Amino acid sequence: MVTRRNLIQAMGLGGAGLLTGAARAQHEGHDVSGTPMPGMRPTHPSAPPSDVKRHAQGYVPVRTLNGWTLPHTMKNGVKEFHLVAEEVEHEFAPGSKAKCWGYNGTTPGPTIEAVEGDRVRIYVTNRLREHTTIHWHGILLPSGMDGVGGLNQPHIKPGETFVYEFTLRQHGTHMYHPHADEMVQMAVGMMGLFVIHPKEPEPIDRDYCFLLHNWALHPGTYRPDPSIMVDFDLWTFNSKVFPAIEPLVARSGERVRIRMGNLSMWNHPIHLHGVQFDVTGGDGGRWPQARWRSEVTEIVAVGQMRDIEFVAVPGDWAFHCHMSHHTMNAMGHGVPNTIGVDQSGVEQTIRSMLPGYMAMGEAGMAEHQEHTDSGHMRGPENTLPMMMGSGPHGNLEMGGMFTVVKVRDDLAVGDYRDPGWYRNPKGTQSWRVSADAGFGNPVRRHPYGPIPRPTDAPSPAPTPGMDHSKHGG
């Protein structure tokens, strides 16, 4: 079996190479002009118009990143939904697909959206080849509706349909997932979001949601491995990796909420550039304002939900997990460190046994994306490069749990289309002042003696066998 470790060693890293405006004073009849709102820093003059599209029950519908909301029908005052547990073919990003399990054709399953006080009836049909259940994570309901197989109910056998029915007595961001063969069923994608809006509309202009998850899709394989506990290959927002994750789009001055649920096997410090957001809710719904706290990074623990809110300011702002290996795609674990290692004497020898071998990593891994994008270093089929994505100024060198919040002054209300890359106003972008590494006279400390200037360093001797034009052949 191909493992992450021997794959990356074979491809070059292991051993010798790599593989806001101020918020509106009034919002839908709710006067907040006299209430200071934490998280509304900095301000921006382009406050949006007030005609935000709302549901008939008064709320702004959530937008699930790379996902969808499950439709319902009304039957004698009850909202009826129908979930189908089944195998699905899922694409994490172009170049990587897998046989996963999910609901109604997707992983995660569709978002269920309702309002506090609604009576809901949810049919669950099992089209898997083993039994399942659904647990309504964080939702207050009768014990017999809680969905723990063998404890609260019999398992839903293949071909069977069960029904869950209860009244929603709370509001907030919640989740659903199996409580049967959990290690397998959740590891291969069975999960979804359950958003319950409060009876009284909230001053929100855009409402986003997504789930955090991890996958062990070994190089060259097509099914996630549920036995992996730590060393995962793919870290996802709503089962997508960068650059396939949709951007979060907003108009300058709009109040934006992002709802996050974590059903992965690891905690995630989620960091948003450009603003100080407020953490405004969690597993128990939207908190009283006195409990809000201003942050730029919020840890979403395993099994938790967190809501953050902010007023959008113009620009392209990175939004990602701050564990750096969670913003990479297929990677190795425990491989030898090649930084600073002279590999000139081994590349040609190894290439005679392993055509296409490329020595990398001596000066860092920034060159990885250049080689994979150009086709010099081909990986196994169905396996994504570790670093991907390009922006207006070059490679982003990201993957996994990374996307961009894109805010524009002239975006129309309710327009969620990608507006392209931001054009920085003149004088607001950093620029190069020198190409000389010895530029200026900065104060430095040298515990191991003075560092030679680049012009003083001896020229390296020519290195035979390092012609990268022949890589891949």
# chains A, B, ... in the order shown; residues from 1 in each chain; ligands from 1

$ closest_atom_pairs --of "segment 220-257 of chain A" --to "segment 103-121 of chain A" --cutoff "10 Å" --atoms "only C-alpha atoms" --output "tab-separated table"
residue	atom	partner	partner_atom	distance
A:Phe237	CA	A:Pro108	CA	9.9
A:Asn238	CA	A:Pro108	CA	6.2
A:Ser239	CA	A:Thr107	CA	6.5
A:Lys240	CA	A:Thr107	CA	9.6

$ residues_around --residues "Glu397 of chain A" --least-positions-apart "5" --cutoff "12 Å" --atoms "only C-alpha atoms" --output "PyMOL selection string"
chain A and resi 242-243+324-325+327-329+365-373+385-391+402

$ closest_residue --among "A:Val341, A:Pro201, A:Lys406, A:Glu165" --to "Ser143 of chain A" --atoms "only C-alpha atoms"
A:Glu165

$ closest_residue --among "A:Leu211, A:Leu141, A:Val256, A:Leu70" --to "His177 of chain A" --atoms "only C-alpha atoms"
A:Leu211

$ residues_around --residues "Glu86 of chain A" --least-positions-apart "6" --cutoff "7 Å" --atoms "only C-alpha atoms" --output "PDB file with C-alpha atoms, in the first residue's frame"
ATOM      1  CA  TRP A 101     -21.279   8.478   2.327  1.00  0.00           C
ATOM      2  CA  GLY A 102     -23.642  11.396   2.786  1.00  0.00           C
ATOM      3  CA  TYR A 103     -27.224  12.539   2.493  1.00  0.00           C
ATOM      4  CA  ASN A 126     -31.408   4.342   4.644  1.00  0.00           C
ATOM      5  CA  ARG A 127     -29.916   3.377   1.261  1.00  0.00           C
ATOM      6  CA  LEU A 128     -26.630   2.238   2.755  1.00  0.00           C
TER       7      LEU A 128
END

$ atom_distance --atom1 "atom CA of Gly189 of chain A" --atom2 "atom CA of Ala250 of chain A"
28.9 Å

$ residues_around --residues "segment 310-319 of chain A" --least-positions-apart "6" --cutoff "7 Å" --atoms "only C-alpha atoms" --output "number ranges by chain"
A: 20, 39-40, 44, 250-257, 271-274, 277-278, 402-409, 422

$ atom_distance --atom1 "atom CA of Tyr416 of chain A" --atom2 "atom CA of His326 of chain A"
26.2 Å

$ decode --residues "segment 24-168 of chain A" --atoms "C-alpha atoms" --output "mmCIF file, in the first residue's frame"
data_model
loop_
_atom_site.group_PDB
_atom_site.id
_atom_site.type_symbol
_atom_site.label_atom_id
_atom_site.label_comp_id
_atom_site.auth_asym_id
_atom_site.auth_seq_id
_atom_site.Cartn_x
_atom_site.Cartn_y
_atom_site.Cartn_z
ATOM 1 C CA ARG A 24 -27.393 50.350 10.187
ATOM 2 C CA ALA A 25 -29.353 52.243 12.836
ATOM 3 C CA GLN A 26 -32.458 50.305 11.956
ATOM 4 C CA HIS A 27 -32.701 46.805 10.519
ATOM 5 C CA GLU A 28 -36.116 45.482 9.630
ATOM 6 C CA GLY A 29 -37.800 47.498 12.329
ATOM 7 C CA HIS A 30 -35.270 46.741 15.077
ATOM 8 C CA ASP A 31 -33.746 49.972 16.284
ATOM 9 C CA VAL A 32 -30.148 49.414 17.413
ATOM 10 C CA SER A 33 -28.916 52.957 16.883
ATOM 11 C CA GLY A 34 -28.451 53.522 20.596
ATOM 12 C CA THR A 35 -26.712 50.232 21.248
ATOM 13 C CA PRO A 36 -22.943 50.004 20.848
ATOM 14 C CA MET A 37 -22.151 46.892 18.829
ATOM 15 C CA PRO A 38 -18.821 45.200 19.541
ATOM 16 C CA GLY A 39 -17.048 43.953 16.432
ATOM 17 C CA MET A 40 -18.105 46.872 14.294
ATOM 18 C CA ARG A 41 -14.568 48.120 14.027
ATOM 19 C CA PRO A 42 -13.355 49.486 11.700
ATOM 20 C CA THR A 43 -16.152 51.520 10.190
ATOM 21 C CA HIS A 44 -16.598 52.134 6.482
ATOM 22 C CA PRO A 45 -18.898 54.663 4.806
ATOM 23 C CA SER A 46 -20.554 52.270 2.325
ATOM 24 C CA ALA A 47 -23.446 51.138 4.495
ATOM 25 C CA PRO A 48 -25.695 48.805 2.501
ATOM 26 C CA PRO A 49 -29.306 49.506 1.588
ATOM 27 C CA SER A 50 -31.956 47.954 3.832
ATOM 28 C CA ASP A 51 -33.709 45.717 1.298
ATOM 29 C CA VAL A 52 -31.943 42.487 2.276
ATOM 30 C CA LYS A 53 -33.900 39.535 0.925
ATOM 31 C CA ARG A 54 -35.647 37.745 3.762
ATOM 32 C CA HIS A 55 -37.689 34.596 4.135
ATOM 33 C CA ALA A 56 -41.415 34.969 4.749
ATOM 34 C CA GLN A 57 -40.750 34.149 8.425
ATOM 35 C CA GLY A 58 -38.382 37.129 8.672
ATOM 36 C CA TYR A 59 -34.912 35.605 8.634
ATOM 37 C CA VAL A 60 -32.046 35.959 6.157
ATOM 38 C CA PRO A 61 -31.536 32.461 4.669
ATOM 39 C CA VAL A 62 -28.162 30.911 5.380
ATOM 40 C CA ARG A 63 -25.718 30.295 2.548
ATOM 41 C CA THR A 64 -23.891 26.989 2.950
ATOM 42 C CA LEU A 65 -20.415 27.090 1.396
ATOM 43 C CA ASN A 66 -20.380 24.730 -1.596
ATOM 44 C CA GLY A 67 -23.656 23.338 -0.303
ATOM 45 C CA TRP A 68 -27.429 23.720 -0.337
ATOM 46 C CA THR A 69 -30.524 23.961 1.843
ATOM 47 C CA LEU A 70 -33.023 21.087 2.003
ATOM 48 C CA PRO A 71 -36.509 22.086 0.791
ATOM 49 C CA HIS A 72 -39.528 21.232 2.915
ATOM 50 C CA THR A 73 -43.261 20.840 2.457
ATOM 51 C CA MET A 74 -46.008 21.948 4.873
ATOM 52 C CA LYS A 75 -48.414 19.266 6.112
ATOM 53 C CA ASN A 76 -51.069 20.470 8.539
ATOM 54 C CA GLY A 77 -48.756 23.069 10.043
ATOM 55 C CA VAL A 78 -45.722 20.759 10.242
ATOM 56 C CA LYS A 79 -42.565 21.291 8.198
ATOM 57 C CA GLU A 80 -41.647 17.993 6.536
ATOM 58 C CA PHE A 81 -38.113 17.191 5.419
ATOM 59 C CA HIS A 82 -36.744 13.991 3.892
ATOM 60 C CA LEU A 83 -33.124 12.859 4.271
ATOM 61 C CA VAL A 84 -31.645 9.903 2.395
ATOM 62 C CA ALA A 85 -28.481 8.242 3.728
ATOM 63 C CA GLU A 86 -26.518 6.924 0.749
ATOM 64 C CA GLU A 87 -23.156 6.495 -0.923
ATOM 65 C CA VAL A 88 -22.084 9.504 -2.984
ATOM 66 C CA GLU A 89 -19.246 10.381 -5.308
ATOM 67 C CA HIS A 90 -17.644 13.545 -3.986
ATOM 68 C CA GLU A 91 -15.029 15.878 -5.452
ATOM 69 C CA PHE A 92 -12.773 17.600 -2.922
ATOM 70 C CA ALA A 93 -11.246 19.722 -5.690
ATOM 71 C CA PRO A 94 -10.604 19.091 -9.382
ATOM 72 C CA GLY A 95 -8.236 16.125 -9.486
ATOM 73 C CA SER A 96 -9.478 14.330 -6.365
ATOM 74 C CA LYS A 97 -12.726 12.365 -6.062
ATOM 75 C CA ALA A 98 -13.802 9.733 -3.584
ATOM 76 C CA LYS A 99 -16.562 7.305 -2.776
ATOM 77 C CA CYS A 100 -18.060 8.824 0.356
ATOM 78 C CA TRP A 101 -21.279 8.478 2.327
ATOM 79 C CA GLY A 102 -23.642 11.396 2.786
ATOM 80 C CA TYR A 103 -27.224 12.539 2.493
ATOM 81 C CA ASN A 104 -29.349 13.294 -0.560
ATOM 82 C CA GLY A 105 -26.411 12.985 -2.919
ATOM 83 C CA THR A 106 -23.849 15.172 -1.138
ATOM 84 C CA THR A 107 -21.421 15.366 1.739
ATOM 85 C CA PRO A 108 -22.098 17.189 3.907
ATOM 86 C CA GLY A 109 -25.812 16.627 3.564
ATOM 87 C CA PRO A 110 -28.095 19.598 2.879
ATOM 88 C CA THR A 111 -28.561 22.230 5.556
ATOM 89 C CA ILE A 112 -31.891 22.006 7.379
ATOM 90 C CA GLU A 113 -33.269 25.470 8.093
ATOM 91 C CA ALA A 114 -36.239 26.244 10.331
ATOM 92 C CA VAL A 115 -37.491 28.729 12.929
ATOM 93 C CA GLU A 116 -37.808 28.526 16.692
ATOM 94 C CA GLY A 117 -41.294 27.227 17.505
ATOM 95 C CA ASP A 118 -41.665 25.245 14.269
ATOM 96 C CA ARG A 119 -42.905 21.675 14.419
ATOM 97 C CA VAL A 120 -40.663 19.554 12.172
ATOM 98 C CA ARG A 121 -41.075 16.048 10.805
ATOM 99 C CA ILE A 122 -37.955 14.516 9.284
ATOM 100 C CA TYR A 123 -38.063 11.263 7.334
ATOM 101 C CA VAL A 124 -34.781 9.351 7.099
ATOM 102 C CA THR A 125 -34.416 6.653 4.448
ATOM 103 C CA ASN A 126 -31.408 4.342 4.644
ATOM 104 C CA ARG A 127 -29.916 3.377 1.261
ATOM 105 C CA LEU A 128 -26.630 2.238 2.755
ATOM 106 C CA ARG A 129 -25.663 -1.416 3.083
ATOM 107 C CA GLU A 130 -25.463 -1.174 6.874
ATOM 108 C CA HIS A 131 -27.762 0.244 9.532
ATOM 109 C CA THR A 132 -27.642 3.880 10.629
ATOM 110 C CA THR A 133 -29.455 6.525 12.735
ATOM 111 C CA ILE A 134 -29.426 10.310 12.978
ATOM 112 C CA HIS A 135 -28.553 12.253 16.098
ATOM 113 C CA TRP A 136 -29.696 15.895 16.228
ATOM 114 C CA HIS A 137 -26.579 17.392 17.799
ATOM 115 C CA GLY A 138 -27.368 20.081 20.369
ATOM 116 C CA ILE A 139 -31.130 20.135 19.771
ATOM 117 C CA LEU A 140 -33.544 19.912 22.712
ATOM 118 C CA LEU A 141 -36.051 17.131 22.082
ATOM 119 C CA PRO A 142 -37.632 14.016 23.651
ATOM 120 C CA SER A 143 -35.188 11.230 24.512
ATOM 121 C CA GLY A 144 -36.741 8.885 21.968
ATOM 122 C CA MET A 145 -35.919 11.333 19.164
ATOM 123 C CA ASP A 146 -32.238 11.773 20.082
ATOM 124 C CA GLY A 147 -31.061 9.172 17.581
ATOM 125 C CA VAL A 148 -28.542 7.055 19.492
ATOM 126 C CA GLY A 149 -28.881 3.595 18.011
ATOM 127 C CA GLY A 150 -29.640 0.913 20.591
ATOM 128 C CA LEU A 151 -30.236 3.496 23.340
ATOM 129 C CA ASN A 152 -32.980 5.802 22.074
ATOM 130 C CA GLN A 153 -34.246 3.794 19.110
ATOM 131 C CA PRO A 154 -33.697 0.669 17.002
ATOM 132 C CA HIS A 155 -31.182 1.067 14.192
ATOM 133 C CA ILE A 156 -32.507 2.068 10.781
ATOM 134 C CA LYS A 157 -31.755 -1.008 8.694
ATOM 135 C CA PRO A 158 -30.907 -0.900 4.992
ATOM 136 C CA GLY A 159 -34.045 -0.049 3.013
ATOM 137 C CA GLU A 160 -35.977 1.226 6.024
ATOM 138 C CA THR A 161 -37.383 4.714 6.616
ATOM 139 C CA PHE A 162 -37.790 6.156 10.106
ATOM 140 C CA VAL A 163 -39.411 9.451 11.038
ATOM 141 C CA TYR A 164 -38.355 11.970 13.690
ATOM 142 C CA GLU A 165 -40.830 14.622 14.854
ATOM 143 C CA PHE A 166 -40.378 17.358 17.444
ATOM 144 C CA THR A 167 -40.979 21.040 18.150
ATOM 145 C CA LEU A 168 -38.002 23.395 18.000
#
